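*Asks:* So that you have it, the file is work.tsv, and it contains TSV, C-alpha atoms:
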```tsv
chain	number	residue	atom	x	y	z
S	1	MET	CA	-6.87	-21.81	-16.59
S	2	LYS	CA	-3.10	-21.26	-16.30
S	3	LYS	CA	-3.75	-17.66	-15.24
S	4	MET	CA	-6.17	-18.81	-12.53
S	5	ASN	CA	-3.63	-21.33	-11.24
S	6	TYR	CA	-0.95	-18.62	-11.18
S	7	ILE	CA	-3.19	-16.29	-9.14
S	8	ALA	CA	-4.05	-19.11	-6.75
S	9	LEU	CA	-0.34	-19.86	-6.30
S	10	ILE	CA	0.42	-16.19	-5.54
S	11	LEU	CA	-2.42	-16.05	-2.99
S	12	SER	CA	-1.15	-19.22	-1.36
S	13	PHE	CA	2.33	-17.73	-0.96
S	14	LEU	CA	0.83	-14.53	0.46
S	15	ILE	CA	-1.27	-16.36	3.04
S	16	THR	CA	1.73	-18.47	4.10
S	17	PHE	CA	3.92	-15.37	4.40
S	18	LEU	CA	1.36	-13.48	6.49
S	19	TYR	CA	0.80	-16.48	8.76
S	20	LYS	CA	4.51	-16.90	9.42
S	21	THR	CA	5.00	-13.16	9.94
S	22	ASN	CA	2.20	-12.93	12.48
S	23	GLY	CA	3.33	-16.14	14.17
S	24	ASN	CA	6.76	-14.65	14.80
S	25	ASN	CA	5.37	-11.40	16.24
S	26	ILE	CA	3.40	-12.60	19.26
S	27	GLY	CA	5.35	-10.10	21.33
S	28	LEU	CA	3.96	-7.13	19.46
S	29	VAL	CA	1.00	-6.86	21.85
S	30	PRO	CA	1.96	-6.24	25.50
S	31	PRO	CA	0.38	-8.51	28.12
S	32	GLN	CA	-2.64	-6.73	29.59
S	33	PRO	CA	-4.24	-9.36	31.84
S	34	SER	CA	-7.62	-8.70	33.41
S	35	GLN	CA	-6.99	-10.90	36.47
S	36	TYR	CA	-3.68	-11.54	38.20
S	37	SER	CA	-1.66	-11.50	41.43
S	38	THR	CA	1.96	-10.40	41.77
S	39	SER	CA	4.60	-9.13	44.14
S	40	LEU	CA	5.74	-5.58	43.39
S	41	LEU	CA	8.85	-3.58	44.10
S	42	VAL	CA	8.08	0.12	43.61
S	43	ASN	CA	11.11	2.35	44.13
S	44	GLY	CA	12.34	-0.02	46.82
S	45	GLN	CA	8.99	-0.54	48.57
S	46	ARG	CA	7.64	-4.10	48.48
S	47	SER	CA	3.96	-4.98	48.30
S	48	MET	CA	1.52	-7.62	47.12
S	49	TYR	CA	-0.77	-6.57	44.28
S	50	TYR	CA	-4.10	-8.08	43.22
S	51	VAL	CA	-6.15	-7.12	40.16
S	52	ASP	CA	-9.55	-8.11	38.82
S	53	THR	CA	-10.76	-5.75	36.12
S	54	THR	CA	-13.97	-7.78	35.70
S	55	ILE	CA	-15.08	-6.22	39.00
S	56	PHE	CA	-13.11	-2.99	38.40
S	57	ARG	CA	-10.79	-3.24	41.41
S	58	ASP	CA	-7.17	-3.59	42.43
S	59	LYS	CA	-5.60	-4.00	45.87
S	60	LEU	CA	-2.16	-3.28	47.32
S	61	VAL	CA	-0.98	-4.91	50.54
S	62	TYR	CA	2.21	-3.27	51.80
S	63	ASP	CA	4.95	-5.37	53.40
S	64	ASP	CA	6.04	-2.70	55.88
S	65	GLN	CA	2.71	-0.99	56.56
S	66	ALA	CA	-0.29	-1.85	58.72
S	67	PHE	CA	-2.75	-0.89	55.99
S	68	SER	CA	-3.76	-1.86	52.46
S	69	THR	CA	-5.47	0.06	49.66
S	70	ILE	CA	-8.19	-0.75	47.15
S	71	ILE	CA	-9.02	1.29	44.05
S	72	ASP	CA	-12.45	1.08	42.43
S	73	PHE	CA	-12.19	1.92	38.71
S	74	GLN	CA	-15.93	2.50	38.34
S	75	SER	CA	-16.37	5.08	41.08
S	76	TYR	CA	-12.72	6.33	40.92
S	77	ARG	CA	-12.39	5.97	44.68
S	78	TYR	CA	-9.48	4.67	46.70
S	79	TYR	CA	-10.01	2.92	50.02
S	80	LYS	CA	-7.54	2.65	52.88
S	81	LEU	CA	-8.06	-0.39	55.10
S	82	SER	CA	-6.31	-0.57	58.46
S	83	PRO	CA	-6.85	-2.05	61.94
S	84	ASP	CA	-8.26	1.34	62.94
S	85	GLY	CA	-11.01	1.22	60.32
S	86	CYS	CA	-11.74	2.14	56.72
S	87	SER	CA	-11.54	5.47	54.91
S	88	TRP	CA	-12.00	6.50	51.30
S	89	GLY	CA	-11.16	9.43	49.03
S	90	GLN	CA	-12.34	10.56	45.61
S	91	ILE	CA	-9.60	10.41	42.98
S	92	PRO	CA	-9.61	13.73	41.05
S	93	GLY	CA	-9.79	12.18	37.60
S	94	LYS	CA	-10.31	8.96	35.71
S	95	ILE	CA	-7.69	6.22	35.90
S	96	GLU	CA	-7.37	2.73	34.46
S	97	PRO	CA	-5.79	-0.49	35.75
S	98	MET	CA	-2.00	-0.60	35.95
S	99	LEU	CA	-1.49	-2.93	32.99
S	100	ALA	CA	-3.96	-1.29	30.62
S	101	PHE	CA	-2.37	0.46	27.65
S	102	ARG	CA	-4.37	2.41	25.08
S	103	THR	CA	-1.24	3.33	23.14
S	104	TYR	CA	1.96	1.35	22.77
S	105	GLU	CA	4.79	0.73	20.32
S	106	PHE	CA	6.77	-2.49	20.13
S	107	LYS	CA	10.49	-1.71	20.53
S	108	GLY	CA	11.91	-5.18	19.92
S	109	ASN	CA	13.69	-7.88	21.89
S	110	LEU	CA	16.46	-7.33	24.43
S	111	THR	CA	18.07	-8.81	27.51
S	112	TYR	CA	16.74	-7.23	30.70
S	113	ASN	CA	18.10	-8.34	34.08
S	114	ASN	CA	19.72	-11.28	32.25
S	115	ILE	CA	16.34	-12.44	30.88
S	116	SER	CA	15.19	-12.35	27.25
S	117	CYS	CA	12.36	-9.80	27.08
S	118	TYR	CA	10.08	-7.83	24.82
S	119	LYS	CA	9.99	-4.06	25.21
S	120	TRP	CA	7.25	-1.50	24.52
S	121	SER	CA	6.90	2.23	24.93
S	122	GLY	CA	3.77	4.33	25.02
S	123	CYS	CA	1.49	6.46	27.17
S	124	HIS	CA	0.16	5.09	30.43
S	125	ASN	CA	-3.38	6.00	31.51
S	126	TYR	CA	-3.14	4.79	35.10
S	127	GLU	CA	-1.85	8.13	36.34
S	128	ILE	CA	-3.48	11.56	36.44
S	129	PRO	CA	-2.67	12.78	33.83
S	130	PRO	CA	-1.11	10.01	31.68
S	131	ALA	CA	2.67	9.54	31.68
S	132	PRO	CA	5.11	7.91	29.20
S	133	PHE	CA	6.30	4.39	29.98
S	134	TYR	CA	8.69	1.59	29.08
S	135	TYR	CA	7.21	-1.88	29.63
S	136	TYR	CA	9.12	-5.18	29.69
S	137	ALA	CA	7.74	-8.74	29.59
S	138	THR	CA	9.52	-12.07	29.33
S	139	VAL	CA	9.71	-13.80	25.96
S	140	LYS	CA	9.13	-17.11	27.75
S	141	GLY	CA	5.64	-17.07	29.23
S	142	ASN	CA	4.95	-13.43	28.32
S	143	LEU	CA	5.14	-12.41	32.00
S	144	PRO	CA	5.31	-8.72	33.00
S	145	MET	CA	8.71	-7.79	34.46
S	146	ASP	CA	8.96	-4.02	34.72
S	147	LEU	CA	6.86	-0.90	34.13
S	148	ASN	CA	9.09	2.18	34.12
S	149	LEU	CA	7.33	5.57	34.34
S	150	TYR	CA	10.59	7.35	33.69
S	151	THR	CA	9.34	10.96	33.56
S	152	VAL	CA	8.05	10.78	37.13
S	153	GLY	CA	10.69	8.52	38.64
S	154	ALA	CA	8.46	5.48	39.29
S	155	ASP	CA	9.88	2.04	38.49
S	156	ILE	CA	7.47	-0.85	39.14
S	157	GLN	CA	9.01	-4.34	39.09
S	158	PHE	CA	6.91	-7.53	39.02
S	159	PHE	CA	7.84	-10.81	40.77
S	160	ASN	CA	6.05	-14.18	41.02
S	161	PHE	CA	3.48	-13.01	38.49
S	162	THR	CA	0.41	-15.30	38.40
S	163	TYR	CA	-2.36	-15.12	35.81
S	164	GLY	CA	-5.90	-15.81	37.01
S	165	PRO	CA	-8.49	-14.42	39.45
S	166	PRO	CA	-7.33	-13.57	42.99
S	167	PRO	CA	-9.43	-14.85	45.93
S	168	SER	CA	-12.83	-13.13	45.77
S	169	ASP	CA	-12.69	-11.80	49.33
S	170	VAL	CA	-9.47	-9.88	48.58
S	171	PHE	CA	-11.52	-6.96	47.28
S	172	ASP	CA	-14.12	-6.81	50.06
S	173	ILE	CA	-14.68	-3.27	51.36
S	174	PRO	CA	-16.05	-2.80	54.89
S	175	GLN	CA	-19.24	-0.85	55.39
S	176	ASN	CA	-19.32	2.61	56.94
S	177	CYS	CA	-16.00	3.82	55.52
S	178	THR	CA	-15.25	7.45	56.37
S	179	GLN	CA	-14.64	9.91	53.54
S	180	ILE	CA	-11.34	11.80	53.73
S	181	GLU	CA	-9.44	14.23	51.51
S	182	PHE	CA	-7.62	12.67	48.56
S	183	ASN	CA	-4.06	11.66	49.42
S	184	PRO	CA	-1.81	11.03	46.39
S	185	SER	CA	0.72	9.08	48.47
S	186	ILE	CA	-1.85	6.37	49.21
S	187	HIS	CA	-0.95	4.42	46.06
S	188	PRO	CA	2.54	4.05	44.53
S	189	THR	CA	1.59	5.19	41.05
S	190	LEU	CA	-0.64	8.05	42.19
S	191	LEU	CA	2.46	10.14	42.71
S	192	TYR	CA	2.42	13.73	43.89
S	193	GLU	CA	4.29	15.03	40.84
S	194	ILE	CA	1.66	13.48	38.58
S	195	VAL	CA	-1.39	14.52	40.56
S	196	ARG	CA	0.04	18.01	41.01
S	197	LYS	CA	-0.31	18.47	37.25
S	198	ASN	CA	-3.93	18.59	36.11
S	199	SER	CA	-5.47	17.04	33.02
S	200	THR	CA	-4.80	20.19	30.98
S	201	ASP	CA	-1.06	19.58	31.31
S	202	PRO	CA	-0.59	15.99	30.08
S	203	MET	CA	2.87	14.44	29.86
S	204	CYS	CA	2.06	12.50	26.70
```
Transcribe the structure of this file into structure tokens.
*Replies:*
Amino acid sequence: MKKMNYIALILSFLITFLYKTNGNNIGLVPPQPSQYSTSLLVNGQRSMYYVDTTIFRDKLVYDDQAFSTIIDFQSYRYYKLSPDGCSWGQIPGKIEPMLAFRTYEFKGNLTYNNISCYKWSGCHNYEIPPAPFYYYATVKGNLPMDLNLYTVGADIQFFNFTYGPPPSDVFDIPQNCTQIEFNPSIHPTLLYEIVRKNSTDPMC
């Protein structure tokens, strides 16, 4: 009986330890929301960004441009919407939403832009081919702050990040869009230096 009580006591301590350990490590998993809206600053260019992975689409609305872009993650097409009409191109490869990470490593806590943040590193699948990243999110609220694709010179900063579905009509695509040749400059993370390399020459 004493032996059974001793084993039960050990198990109780183990469960308590594991619970406390996991409770203190909520930052180990980077925020990867399926639906959100946010302002972006990409290498100095401002835009509004909408994502709904439940319908496999994202949208960028540029502050200083007369057009916006939509990417469809099922068909791997990008659409350019402007007052002159709608065009689309076939992306030469498979990509995933911006805040989708198949691989990541928790790097700890730090102060970033005077805000207490978590930091991760890993390989980002949004580009063609994948590229290494550093990712920062606030400790308070677990809000994305910065996605740095340092090997290709793309730094994506997030502002006014809002969890939840964007308005449904944000992702509407007009009928009769004209097919055009793929243009890597159409989207801030589909950078020329990344697209120039094919999938046989991955960066990570």
*Asks:* Compare S:Leu110, S:Asp64, S:Met98, S:Asp169 by their minimum atom-to-atom distance to Ile156 in chain S, counting only C-alpha atoms, and give me the closest one.
*Replies:* S:Met98
*Asks:* Looking at S:Ser87, S:Thr38, S:Gln157, S:Thr53, which one is nearest to Asp72 in chain S, with distances taken over all atoms listed in the file?
*Replies:* S:Thr53
*Asks:* Record the distance separating CA of Gly141 in chain S and CA of Phe106 in chain S, expressed in Å with one decimal.
*Replies:* 17.2 Å
*Asks:* If the box runs along x, y and z of the file and leaves 3 Å on each side of range 134-145 of chain S, what are its centre and edge lengths in Å, one decimal, as AutoDock Vina command-line options?
*Replies:*
```
--center_x 7.3 --center_y -7.8 --center_z 30.2 --size_x 10.8 --size_y 24.7 --size_z 14.5
```
*Asks:* Report, in Å to a single decimal, how far apart CA of Tyr36 in chain S and CA of Tyr50 in chain S are.
*Replies:*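 The value is 6.1 Å.
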*Asks:* Could you tell me how far CA of Ser37 in chain S sits from CA of Lys140 in chain S, in Å to one decimal place?
*Replies:*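 CA of Ser37 in chain S lies 18.3 Å from CA of Lys140 in chain S.
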